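Note: the block below is entry_19.txt and it holds compact mmCIF, C-alpha atoms.
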```txt
# COMPACT_ATOMS: atom_id res chain seq x y z
CA MET A 303 129.21 94.53 134.62
CA GLN A 304 126.53 94.26 131.94
CA LYS A 305 127.12 91.70 129.20
CA VAL A 306 124.46 91.06 126.58
CA ALA A 307 123.75 88.05 124.37
CA ILE A 308 121.72 88.82 121.25
CA ILE A 309 120.15 85.86 119.49
CA GLY A 310 119.77 86.61 115.79
CA ALA A 311 121.75 88.82 113.38
CA GLY A 312 118.73 90.13 111.52
CA ILE A 313 118.28 93.89 111.33
CA THR A 314 116.76 94.12 114.85
CA GLY A 315 119.55 92.18 116.52
CA LEU A 316 122.29 94.06 114.67
CA THR A 317 120.75 97.45 115.47
CA ALA A 318 120.38 96.59 119.16
CA ALA A 319 123.99 95.38 119.31
CA TYR A 320 125.29 98.54 117.62
CA GLU A 321 123.38 100.83 119.97
CA LEU A 322 124.68 98.94 123.01
CA LYS A 323 128.25 98.95 121.74
CA GLN A 324 128.04 102.71 121.19
CA LYS A 325 127.37 103.03 124.94
CA GLY A 326 130.28 100.79 125.85
CA ILE A 327 128.16 97.76 126.73
CA ASP A 328 129.72 94.41 125.86
CA CYS A 329 127.52 92.27 123.63
CA THR A 330 127.76 89.15 121.46
CA VAL A 331 125.46 88.41 118.53
CA PHE A 332 124.78 84.73 117.84
CA GLU A 333 123.61 83.86 114.32
CA ALA A 334 122.75 80.34 113.16
CA SER A 335 123.32 81.01 109.45
CA ASN A 336 126.48 82.06 107.59
CA ARG A 337 125.35 85.66 106.94
CA VAL A 338 123.86 88.71 108.63
CA GLY A 339 120.70 90.56 107.66
CA GLY A 340 118.00 87.90 107.98
CA CYS A 341 115.38 88.45 105.30
CA ILE A 342 117.29 91.45 103.90
CA LYS A 343 119.21 89.95 100.99
CA THR A 344 120.55 91.69 97.86
CA VAL A 345 121.77 89.78 94.80
CA LYS A 346 123.69 91.27 91.87
CA GLU A 347 123.81 89.18 88.70
CA ASP A 348 123.56 89.73 84.94
CA ASN A 349 123.61 93.50 85.58
CA PHE A 350 120.40 93.30 87.61
CA LEU A 351 120.22 94.25 91.29
CA VAL A 352 117.58 92.10 92.96
CA GLU A 353 116.13 92.30 96.46
CA CYS A 354 115.13 88.82 97.59
CA GLY A 355 113.37 90.29 100.64
CA PRO A 356 112.38 93.88 101.53
CA ASN A 357 112.85 96.39 98.72
CA SER A 358 112.87 99.70 100.57
CA ILE A 359 112.66 101.64 103.83
CA LEU A 360 110.22 104.38 104.81
CA ASP A 361 111.83 107.24 106.75
CA THR A 362 109.10 107.56 109.38
CA HIS A 363 111.11 108.44 112.52
CA PRO A 364 114.05 110.75 113.33
CA ASP A 365 115.95 107.89 115.02
CA LEU A 366 116.37 106.24 111.62
CA GLY A 367 118.24 109.18 110.12
CA LYS A 368 120.38 109.51 113.23
CA LEU A 369 121.38 105.85 112.97
CA PHE A 370 122.33 106.09 109.29
CA ALA A 371 124.38 109.23 109.98
CA ARG A 372 126.33 107.53 112.78
CA LEU A 373 126.92 104.51 110.56
CA GLY A 374 128.28 106.77 107.83
CA ILE A 375 125.82 105.59 105.18
CA GLU A 376 123.64 108.67 104.86
CA GLY A 377 125.39 109.37 101.57
CA ASN A 378 124.58 105.86 100.33
CA LYS A 379 120.83 106.44 100.54
CA LEU A 380 119.09 106.23 97.19
CA PRO A 381 115.73 108.02 97.05
CA ALA A 382 112.80 106.67 95.09
CA LYS A 383 112.14 108.21 91.69
CA ALA A 384 109.27 110.68 91.43
CA GLU A 385 107.28 108.30 89.22
CA SER A 386 107.20 105.71 92.02
CA LYS A 387 104.39 107.76 93.60
CA ASN A 388 102.09 106.22 91.00
CA ARG A 389 100.41 103.09 92.38
CA PHE A 390 98.24 100.81 90.28
CA ILE A 391 95.34 98.63 91.37
CA VAL A 392 93.83 96.00 89.09
CA ARG A 393 90.13 96.51 88.48
CA ASP A 394 88.08 94.65 85.87
CA GLY A 395 91.27 93.17 84.47
CA LYS A 396 93.10 96.48 84.00
CA PRO A 397 95.69 98.32 86.11
CA ILE A 398 94.22 101.67 87.19
CA ALA A 399 96.25 104.45 88.82
CA LEU A 400 95.18 105.14 92.38
CA PRO A 401 94.39 108.76 93.23
CA THR A 402 97.32 110.68 94.69
CA SER A 403 95.34 113.48 96.33
CA PRO A 404 91.88 113.99 97.89
CA SER A 405 90.72 116.00 94.88
CA SER A 406 91.87 113.40 92.34
CA PHE A 407 90.02 110.71 94.28
CA PHE A 408 86.64 111.98 93.08
CA PHE A 409 87.75 111.73 89.43
CA SER A 410 89.44 108.34 89.77
CA ASP A 411 88.17 105.22 88.00
CA ALA A 412 89.54 103.05 90.79
CA PHE A 413 86.30 103.37 92.77
CA SER A 414 82.65 103.62 91.78
CA ALA A 415 80.45 106.64 92.42
CA ARG A 416 78.65 104.62 95.06
CA ALA A 417 81.91 103.95 96.92
CA LYS A 418 82.83 107.63 96.79
CA LEU A 419 79.49 108.62 98.26
CA ARG A 420 79.89 105.94 100.92
CA LEU A 421 83.24 107.42 101.90
CA MET A 422 81.65 110.82 102.52
CA ARG A 423 79.54 109.21 105.26
CA GLU A 424 82.63 108.12 107.20
CA PRO A 425 83.00 111.19 109.47
CA PHE A 426 79.43 110.71 110.66
CA ILE A 427 79.72 107.04 111.68
CA ARG A 428 79.79 107.05 115.46
CA SER A 429 80.54 103.40 116.22
CA LYS A 430 84.02 102.48 117.44
CA SER A 431 86.18 99.41 117.12
CA ASN A 432 87.09 97.09 119.96
CA GLU A 433 90.39 95.23 120.25
CA HIS A 434 88.81 92.06 118.86
CA GLU A 435 87.60 93.54 115.58
CA SER A 436 89.19 92.28 112.38
CA LEU A 437 90.49 94.70 109.78
CA ALA A 438 87.85 93.52 107.30
CA ASP A 439 85.01 94.27 109.72
CA PHE A 440 86.56 97.62 110.61
CA VAL A 441 86.84 98.70 106.96
CA VAL A 442 83.36 97.55 105.97
CA ARG A 443 81.88 99.36 108.99
CA ARG A 444 83.66 102.63 108.30
CA LEU A 445 84.31 102.67 104.55
CA GLY A 446 82.16 100.00 102.91
CA GLN A 447 82.66 96.70 101.08
CA GLU A 448 84.16 98.16 97.91
CA PHE A 449 87.01 99.80 99.81
CA LEU A 450 87.72 96.47 101.44
CA ASP A 451 87.74 94.65 98.09
CA TYR A 452 89.68 97.16 96.00
CA ALA A 453 91.88 99.04 98.47
CA ILE A 454 92.45 97.23 101.74
CA ASN A 455 92.49 93.61 100.57
CA PRO A 456 95.23 94.16 97.96
CA PHE A 457 97.14 96.49 100.29
CA VAL A 458 97.13 93.89 103.06
CA SER A 459 98.20 91.19 100.60
CA GLY A 460 101.06 93.40 99.45
CA VAL A 461 102.30 94.43 102.89
CA TYR A 462 101.42 91.52 105.17
CA ALA A 463 100.75 88.77 102.62
CA GLY A 464 97.73 88.55 104.92
CA ASP A 465 93.99 88.15 105.11
CA PRO A 466 92.07 91.23 106.37
CA ALA A 467 89.34 88.96 107.75
CA LYS A 468 91.90 87.50 110.17
CA LEU A 469 94.20 90.42 110.92
CA SER A 470 93.58 92.53 114.02
CA THR A 471 92.97 96.22 113.44
CA CYS A 472 94.45 97.33 116.74
CA HIS A 473 97.60 95.17 116.47
CA ALA A 474 98.29 94.99 112.73
CA PHE A 475 97.28 98.61 112.01
CA PRO A 476 97.54 100.41 115.36
CA LYS A 477 97.64 103.90 113.82
CA LEU A 478 94.37 103.27 111.99
CA TYR A 479 92.80 101.96 115.20
CA ALA A 480 94.11 104.95 117.15
CA LEU A 481 92.64 107.44 114.67
CA GLU A 482 89.15 106.13 115.28
CA GLN A 483 89.62 105.85 119.03
CA LYS A 484 90.95 109.38 119.40
CA TYR A 485 89.00 111.31 116.77
CA GLY A 486 85.96 109.12 116.08
CA SER A 487 86.71 109.29 112.35
CA LEU A 488 89.53 108.31 110.01
CA ILE A 489 89.08 111.41 107.87
CA LYS A 490 88.94 113.79 110.84
CA GLY A 491 91.91 112.00 112.40
CA ALA A 492 94.00 112.23 109.24
CA ILE A 493 93.49 116.01 109.17
CA LYS A 494 93.96 116.71 112.88
CA GLY A 495 96.69 114.11 113.34
CA ALA A 496 98.95 115.72 110.74
CA LYS A 497 99.58 118.70 113.02
CA GLU A 498 100.33 116.49 116.02
CA ARG A 499 102.77 114.33 114.03
CA LYS A 500 104.61 117.47 112.96
CA GLN A 501 105.02 118.48 116.61
CA ARG A 502 106.43 114.99 117.42
CA GLN A 503 108.73 115.10 114.37
CA GLU A 504 107.01 112.00 113.03
CA VAL A 505 105.95 111.43 109.44
CA ALA A 506 102.80 109.70 108.26
CA SER A 507 103.56 106.58 106.25
CA LYS A 508 101.85 108.02 103.18
CA ASP A 509 104.14 111.09 103.33
CA ALA A 510 107.34 109.33 104.36
CA HIS A 511 110.33 109.38 102.04
CA MET A 512 111.02 105.98 100.53
CA PHE A 513 114.60 104.99 99.91
CA THR A 514 117.04 102.13 99.58
CA PHE A 515 120.83 102.22 99.28
CA ASP A 516 123.02 102.54 96.21
CA ASP A 517 124.18 98.93 96.43
CA GLY A 518 120.88 97.57 97.74
CA MET A 519 119.28 96.96 101.09
CA GLU A 520 122.19 94.82 102.33
CA VAL A 521 124.27 97.97 102.69
CA LEU A 522 122.60 98.52 106.08
CA PRO A 523 123.16 95.13 107.76
CA ASN A 524 126.62 94.86 106.23
CA GLN A 525 127.65 98.24 107.64
CA LEU A 526 126.25 97.34 111.05
CA ALA A 527 128.22 94.09 110.91
CA ALA A 528 131.40 95.95 109.95
CA LYS A 529 131.00 98.21 112.99
CA LEU A 530 130.35 95.23 115.28
CA GLY A 531 133.28 93.17 114.02
CA ASP A 532 134.05 90.04 116.00
CA ALA A 533 131.06 90.67 118.30
CA ILE A 534 129.10 88.67 115.67
CA ARG A 535 129.41 84.90 115.64
CA LEU A 536 128.06 83.34 112.46
CA ASN A 537 127.24 79.63 112.11
CA THR A 538 126.54 79.60 115.85
CA PRO A 539 122.99 78.40 116.57
CA VAL A 540 121.64 78.91 120.07
CA THR A 541 119.82 75.82 121.33
CA GLY A 542 118.99 77.03 124.82
CA ILE A 543 118.97 79.78 127.42
CA GLN A 544 119.92 78.59 130.90
CA MET A 545 119.18 80.59 134.04
CA LEU A 546 122.08 80.54 136.49
CA ASP A 547 120.74 83.02 139.03
CA LYS A 548 118.61 86.14 139.09
CA GLY A 549 119.94 88.32 136.28
CA LYS A 550 122.50 85.74 135.17
CA TRP A 551 122.12 83.64 132.02
CA MET A 552 124.12 81.03 130.15
CA VAL A 553 124.11 81.12 126.34
CA CYS A 554 126.49 78.96 124.29
CA HIS A 555 128.60 78.22 127.39
CA GLU A 556 129.07 81.92 128.24
CA GLU A 557 127.58 83.95 131.07
CA PHE A 558 125.50 87.06 130.36
CA THR A 559 123.43 89.54 132.36
CA ASP A 560 120.91 90.06 129.52
CA VAL A 561 119.55 88.10 126.57
CA VAL A 562 117.79 89.72 123.62
CA ILE A 563 115.69 87.28 121.60
CA ALA A 564 115.63 88.75 118.09
CA ILE A 565 114.87 85.70 115.96
CA PRO A 566 111.44 85.06 114.37
CA ALA A 567 108.76 83.82 116.74
CA HIS A 568 108.47 80.46 114.98
CA ALA A 569 112.21 79.82 115.53
CA GLN A 570 111.97 80.55 119.26
CA THR A 571 110.02 77.36 119.85
CA GLU A 572 113.27 75.44 119.25
CA LEU A 573 115.00 77.16 122.18
CA ASN A 574 115.23 75.34 125.49
CA ALA A 575 114.40 78.00 128.10
CA PRO A 576 113.01 78.24 131.66
CA PHE A 577 109.97 80.12 130.31
CA ASP A 578 107.30 79.13 127.79
CA LEU A 579 108.18 79.79 124.15
CA GLU A 580 106.08 76.98 122.73
CA MET A 581 102.99 79.15 122.49
CA PHE A 582 104.73 81.16 119.76
CA SER A 583 104.23 78.19 117.45
CA GLU A 584 100.68 79.55 117.10
CA ILE A 585 101.94 82.74 115.42
CA HIS A 586 101.26 82.17 111.74
CA TYR A 587 103.93 82.91 109.14
CA PRO A 588 102.50 82.20 105.65
CA PRO A 589 104.80 81.22 102.76
CA VAL A 590 105.58 83.81 100.08
CA ALA A 591 107.44 83.42 96.80
CA SER A 592 109.23 86.39 95.25
CA LEU A 593 109.88 85.98 91.52
CA SER A 594 112.16 88.64 90.02
CA LEU A 595 112.02 88.89 86.23
CA GLY A 596 113.98 90.94 83.71
CA PHE A 597 112.45 91.99 80.38
CA GLY A 598 113.06 94.47 77.62
CA LEU A 599 111.00 97.60 78.18
CA ASN A 600 109.61 97.16 74.66
CA GLN A 601 108.03 93.85 75.70
CA PHE A 602 105.28 95.72 77.60
CA MET A 603 102.33 97.73 76.41
CA HIS A 604 102.17 99.31 79.88
CA ALA A 605 104.69 102.08 80.64
CA LEU A 606 105.56 100.57 84.07
CA ASN A 607 105.61 104.17 85.29
CA GLY A 608 105.04 103.56 88.97
CA PHE A 609 105.78 101.67 92.14
CA GLY A 610 103.89 98.58 91.02
CA MET A 611 100.45 97.06 90.85
CA LEU A 612 98.38 95.25 93.45
CA ILE A 613 95.84 92.63 92.51
CA PRO A 614 92.68 92.34 94.64
CA LYS A 615 91.59 88.82 95.50
CA ILE A 616 88.22 89.55 93.91
CA GLU A 617 89.98 89.77 90.51
CA ASN A 618 90.81 86.02 90.69
CA ARG A 619 94.44 86.21 89.53
CA PHE A 620 97.36 83.96 90.42
CA SER A 621 99.75 86.52 91.88
CA LEU A 622 99.34 89.04 94.69
CA GLY A 623 100.88 91.84 92.69
CA ALA A 624 104.15 93.11 91.27
CA LEU A 625 106.71 95.76 92.10
CA PHE A 626 108.52 97.67 89.34
CA PRO A 627 111.95 98.02 91.03
CA SER A 628 113.66 99.55 87.98
CA SER A 629 110.95 102.24 87.94
CA ILE A 630 111.35 102.90 91.68
CA PHE A 631 115.14 103.10 91.97
CA ALA A 632 118.02 103.77 89.62
CA GLY A 633 120.54 101.06 88.80
CA ARG A 634 118.24 98.06 89.20
CA ALA A 635 118.31 96.91 85.55
CA PRO A 636 120.52 97.40 82.47
CA GLY A 637 119.64 100.12 79.96
CA GLY A 638 116.49 99.39 77.98
CA MET A 639 115.46 96.70 80.47
CA ALA A 640 112.85 96.47 83.20
CA LEU A 641 113.00 94.51 86.45
CA LEU A 642 109.73 93.30 87.98
CA THR A 643 109.29 91.44 91.24
CA VAL A 644 106.09 89.41 91.49
CA PHE A 645 104.76 88.06 94.80
CA ILE A 646 102.84 84.80 95.09
CA GLY A 647 101.21 82.99 98.02
CA GLY A 648 100.50 84.55 101.40
CA SER A 649 97.69 83.73 103.81
CA GLN A 650 94.95 83.64 101.19
CA SER A 651 96.70 81.27 98.76
CA PRO A 652 99.67 79.71 100.61
CA GLU A 653 99.95 76.61 98.42
CA ARG A 654 100.87 78.71 95.38
CA ALA A 655 104.11 79.94 96.95
CA LEU A 656 105.44 76.39 97.14
CA LEU A 657 104.85 75.39 93.50
CA ASP A 658 107.92 74.61 91.38
CA GLN A 659 109.58 77.45 89.50
CA ASP A 660 108.30 76.44 86.06
CA GLU A 661 104.69 76.47 87.25
CA LEU A 662 105.18 79.75 89.11
CA LEU A 663 106.69 81.32 86.00
CA ALA A 664 103.96 80.09 83.66
CA GLN A 665 101.14 81.37 85.88
CA THR A 666 102.93 84.66 86.57
CA LEU A 667 103.58 85.33 82.89
CA LYS A 668 99.88 84.87 82.16
CA ASP A 669 99.05 87.57 84.71
CA LEU A 670 101.65 89.92 83.21
CA GLN A 671 100.44 89.24 79.67
CA ASP A 672 96.82 89.93 80.55
CA LEU A 673 97.40 92.92 82.82
CA LEU A 674 100.50 94.66 81.45
CA GLY A 675 100.47 93.57 77.83
CA LEU A 676 103.65 91.51 78.15
CA ASP A 677 104.93 89.88 74.98
CA GLY A 678 107.55 87.14 75.21
CA GLN A 679 109.71 85.47 77.85
CA PRO A 680 111.98 86.96 80.51
CA GLU A 681 115.67 87.41 79.80
CA TYR A 682 116.41 87.04 83.50
CA GLN A 683 114.70 85.31 86.40
CA ARG A 684 115.41 84.61 90.06
CA LEU A 685 113.10 82.90 92.55
CA SER A 686 113.22 83.45 96.31
CA VAL A 687 110.89 81.39 98.48
CA TRP A 688 110.23 82.28 102.10
CA PRO A 689 108.42 79.30 103.67
CA LYS A 690 107.69 81.39 106.77
CA ALA A 691 107.60 84.98 105.58
CA ILE A 692 105.74 87.50 107.74
CA PRO A 693 104.13 87.15 111.21
CA GLN A 694 100.38 87.67 111.09
CA TYR A 695 99.03 89.99 113.77
CA VAL A 696 95.67 88.26 113.92
CA VAL A 697 92.68 88.97 116.15
CA GLY A 698 93.70 87.89 119.65
CA TYR A 699 97.40 88.66 119.09
CA GLU A 700 97.53 90.43 122.44
CA LYS A 701 97.95 87.06 124.15
CA PHE A 702 101.41 86.76 122.57
CA LEU A 703 102.37 90.35 123.36
CA ASN A 704 101.13 90.01 126.94
CA HIS A 705 103.13 86.81 127.35
CA MET A 706 106.33 88.53 126.20
CA THR A 707 105.75 91.35 128.68
CA GLN A 708 105.06 88.86 131.48
CA VAL A 709 108.21 86.85 130.76
CA GLU A 710 110.29 90.04 130.80
CA ALA A 711 108.76 90.95 134.17
CA ASP A 712 109.28 87.49 135.67
CA PHE A 713 112.77 86.82 134.30
CA GLU A 714 115.20 89.69 134.82
CA GLY A 715 117.45 90.23 131.82
CA ILE A 716 115.23 88.64 129.16
CA HIS A 717 114.11 90.90 126.29
CA PHE A 718 112.00 90.29 123.17
CA ALA A 719 112.49 92.40 120.05
CA GLY A 720 111.73 92.14 116.36
CA HIS A 721 109.03 92.11 113.70
CA TYR A 722 106.82 89.74 115.73
CA ARG A 723 106.49 92.38 118.45
CA ASP A 724 106.89 95.93 117.18
CA GLY A 725 105.63 95.87 113.59
CA ILE A 726 106.64 94.06 110.42
CA SER A 727 108.30 96.78 108.31
CA VAL A 728 112.07 97.28 108.08
CA SER A 729 111.63 100.64 109.84
CA ASN A 730 109.68 98.97 112.66
CA SER A 731 112.35 96.29 113.01
CA ILE A 732 115.15 98.87 113.22
CA LEU A 733 113.21 100.91 115.77
CA SER A 734 112.55 97.74 117.76
CA GLY A 735 116.30 97.18 118.03
CA ILE A 736 116.91 100.80 119.01
CA GLY A 737 114.07 100.61 121.53
CA VAL A 738 115.23 97.50 123.33
CA ALA A 739 118.77 98.90 123.53
CA LYS A 740 117.51 102.18 124.97
CA ARG A 741 115.54 100.32 127.66
CA MET A 742 118.60 98.28 128.62
CA ILE A 743 120.84 101.35 128.69
CA GLN A 744 118.29 103.14 130.89
CA THR A 745 118.16 100.17 133.25
CA THR A 746 121.96 100.12 133.50
CA SER A 747 122.02 103.86 134.19
CA THR A 748 119.36 103.51 136.89
CA HIS A 749 121.18 100.64 138.60
CA SER A 750 124.47 102.58 138.53
CA HIS A 751 122.78 105.61 140.08
CA GLN A 752 121.23 103.47 142.82
CA GLU A 753 124.57 101.84 143.65
CA ARG A 754 126.11 105.26 144.19
```

Written form, structure tokens:
Amino acid sequence: MQKVAIIGAGITGLTAAYELKQKGIDCTVFEASNRVGGCIKTVKEDNFLVECGPNSILDTHPDLGKLFARLGIEGNKLPAKAESKNRFIVRDGKPIALPTSPSSFFFSDAFSARAKLRLMREPFIRSKSNEHESLADFVVRRLGQEFLDYAINPFVSGVYAGDPAKLSTCHAFPKLYALEQKYGSLIKGAIKGAKERKQRQEVASKDAHMFTFDDGMEVLPNQLAAKLGDAIRLNTPVTGIQMLDKGKWMVCHEEFTDVVIAIPAHAQTELNAPFDLEMFSEIHYPPVASLSLGFGLNQFMHALNGFGMLIPKIENRFSLGALFPSSIFAGRAPGGMALLTVFIGGSQSPERALLDQDELLAQTLKDLQDLLGLDGQPEYQRLSVWPKAIPQYVVGYEKFLNHMTQVEADFEGIHFAGHYRDGISVSNSILSGIGVAKRMIQTTSTHSHQER
């Protein structure tokens, strides 16, 4: 009889456990901390609703909607406001709205005439990437230096808290890599790929619906936990995985047929196991600070009418950028107030994330004063520091992925899942949990058929 141990009650581990339980497979989720959800954490205080970790989900795959429907939280989804489609990039000390359509691109002040002309050459560039090319080299080769400086660098800082000169194109941005490999051009691929995605019922990230939940992102892990009940064991750290026999494992003094490792890669190095996990200490997780601030709307000269602003490294500012949560979703701030979440640190300036709160606030306020016309002090503030925030899919990352695959092949019943393997977004993490559960269910079904 199959019995599964899942290490980690983050969103991947919870999703995997729920999918397995739905198929009648016994599983136990072991969580070292006193709460579920991992980096998904919602705080309500002083009439503000603050996300200490991820702020939203992109609905990029039909399996996501199916999961929410089965959980009974489809009605709790809160779509982003229409104005959140506006994205701002800082250029020459001013936030400039990014173009929202191909036609508006040519009239945008976000890029120079030279950069626009350079973009028109892209379909005619015949060179192709290899798996060892960094994102920075890829972008300069295909789109030019200005697109790297004013589009990709801030985007990567905002999503990965990363450095495009170190990140791998094929691992960190596999869809971008695939466009060039398949179509020989990003522009041609974007046009031709749209039809193929429609046939697969997939949605491009740029077209995906963004949403959260009425009571914040924690609605999802909390509902998964409610469905799992006593299958979750909080305050129960796993120190080791012991092999008893082929397909038999001991975790926390209990015997299991399968073990899903769904904790961050850096935490796996603390597990005592019959296979090598120490190499995962090389996976870099830079520190990131998230400073949420509440102001009166009348304290800003800027209308805050968008998703937020990203700050390119070339602009020499302290922070990576800011989200405008109260402009993205309803119910995030009291009437007449605005909630901003500013991000500091990441791979390109890690030391800043670990400064004390007073220093972080002072430097952040200077950015907001200069860029958004802020006047005065915040009426609310909350700091969240993630010393090891997001795994960096750097050039050469395939050695880690190959190692996971090899361990799974050599040790029956061991499975790796999570943001260090299948992508860093919340959607990727959910799909990773669904994926590992589907593979285990398929294996069980195959074994049952063979026994008959």

Check your understanding: Which residues come within 9 Å of segment 605-617 of chain A, counting only C-alpha atoms, excluding same-chain residues fewer than 2 positions away, as a ChimeraX atom specification?
Key -> /A:383-395,397-399,451-457,459-460,599,602-603,619,621-627,629-630,640,642-643,650,674

Point to revise | Residues near Asp517 of chain A, cut-off 9 Å, only C-alpha atoms, skip fewer than 3 positions along chain, as an MDAnalysis selection string | key: chainID A and resid 344 346 351 378 380 514 520:521 633

Distance table requested - segment 436-513 of chain A against segment 694-708 of chain A, cut-off 8 Å, only C-alpha atoms: one row per qualifying residue with the closest atom pair and its distance in Å to one decimal, ordered by chain and rising residue number, as CSV.
```
residue,atom,partner,partner_atom,distance
A:Ser436,CA,A:Val697,CA,6.1
A:Tyr462,CA,A:Gln694,CA,7.1
A:Gly464,CA,A:Gln694,CA,6.8
A:Lys468,CA,A:Val696,CA,5.4
A:Leu469,CA,A:Val696,CA,4.0
A:Ser470,CA,A:Val697,CA,4.2
A:Thr471,CA,A:Val697,CA,7.7
A:His473,CA,A:Tyr695,CA,6.0
A:Ala474,CA,A:Tyr695,CA,5.2
```

Exercise for review: In the coordinate frame of the file, compute which residues have an atom within 12 Å of (97.6, 83.7, 106.2) when using all atoms listed in the file, and state them as a PyMOL selection string.
Suggested key: chain A and resi 458-459+462-469+585-590+647-653+655+689-696

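Nearest residue to Gly720 of chain A, choosing from A:Gln744, A:Thr317, A:Gln447, A:Ser487 and counting all atoms listed in the file: A:Thr317.
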
Review point. Which polymer residues have any atom within 12 Å of an atom of Phe718 of chain A, counting all atoms listed in the file, with same-chain residues fewer than 4 positions away left out, as a ChimeraX atom specification?
Key: /A:308-310,314-315,318,560-567,570,579,702-711,713,722-724,731,734-735,737-739,741-742

Exercise for review: Just give me the gap between atom CA of Phe409 of chain A and atom CA of Lys490 of chain A in Å, one decimal is fine.
Suggested key: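 According to the coordinates, atom CA of Phe409 of chain A and atom CA of Lys490 of chain A are separated by 21.5 Å.
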
Exercise for review: Kindly indicate which residue among A:Ile313, A:Leu360, A:Pro401, A:Val306 lies nearest to Gly326 of chain A, using all atoms listed in the file for the distances.
Suggested key: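 Ranking A:Ile313, A:Leu360, A:Pro401, A:Val306 by distance to Gly326 of chain A, first place goes to A:Val306.
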
Exercise for review: Go ahead and compute the interatomic distance for atom CA of Ser729 of chain A and atom CA of Phe332 of chain A, in Å to one decimal.
Suggested key: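 The value is 22.1 Å.
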
Point to revise | From A:Lys305, A:Ile327, A:Thr362, A:Leu316, residue lying nearest Glu556 of chain A [only C-alpha atoms] | key: A:Lys305

Practice item. For Ser358 of chain A, work out the shell of residues within 10 Å, counting all atoms listed in the file and skipping chain neighbours fewer than 3 positions away, then give it as a ChimeraX atom specification. Key: /A:342,353,355,361,380-382,512-515,518-519,627,630-631,727-729

Practice item. Compile the contact shell of Arg420 of chain A as an MDAnalysis selection string: residues with an atom at most 10 Å away, counting all atoms listed in the file, same-chain residues fewer than 2 positions apart removed. Key: chainID A and resid 414:418 422:424 444:449

Print the selection's residues with C-alpha atoms to a file, as a PDB file, keeping the file's coordinate frame.
```
ATOM      1  CA  SER A 414      82.650 103.620  91.780  1.00  0.00           C
ATOM      2  CA  ALA A 415      80.450 106.640  92.420  1.00  0.00           C
ATOM      3  CA  ARG A 416      78.650 104.620  95.060  1.00  0.00           C
ATOM      4  CA  ALA A 417      81.910 103.950  96.920  1.00  0.00           C
ATOM      5  CA  LYS A 418      82.830 107.630  96.790  1.00  0.00           C
ATOM      6  CA  MET A 422      81.650 110.820 102.520  1.00  0.00           C
ATOM      7  CA  ARG A 423      79.540 109.210 105.260  1.00  0.00           C
ATOM      8  CA  GLU A 424      82.630 108.120 107.200  1.00  0.00           C
ATOM      9  CA  ARG A 444      83.660 102.630 108.300  1.00  0.00           C
ATOM     10  CA  LEU A 445      84.310 102.670 104.550  1.00  0.00           C
ATOM     11  CA  GLY A 446      82.160 100.000 102.910  1.00  0.00           C
ATOM     12  CA  GLN A 447      82.660  96.700 101.080  1.00  0.00           C
ATOM     13  CA  GLU A 448      84.160  98.160  97.910  1.00  0.00           C
ATOM     14  CA  PHE A 449      87.010  99.800  99.810  1.00  0.00           C
TER      15      PHE A 449
END
```

Exercise for review: Point out the residue among A:Leu573, A:Met545, A:Val540, A:Leu478 with the least atom-to-atom distance to Gly495 of chain A, counting only C-alpha atoms.
Suggested key: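 The closest residue to Gly495 of chain A is A:Leu478.
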
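Nearest residue to Gln683 of chain A among A:Ala569, A:Leu595, A:Ile743, A:Ile736 is A:Leu595, counting all atoms listed in the file.
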
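Considering all atoms listed in the file, the residue among A:His555, A:Lys323, A:Arg443, A:His568 positioned nearest to Phe582 of chain A is A:His568.
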
Exercise for review: Could you jot down the atom CA of Gly596 of chain A to atom CA of Met639 of chain A separation for me, Å, one decimal place?
Suggested key: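 Taking atom CA of Gly596 of chain A as the start and atom CA of Met639 of chain A as the end point, the length is 6.8 Å.
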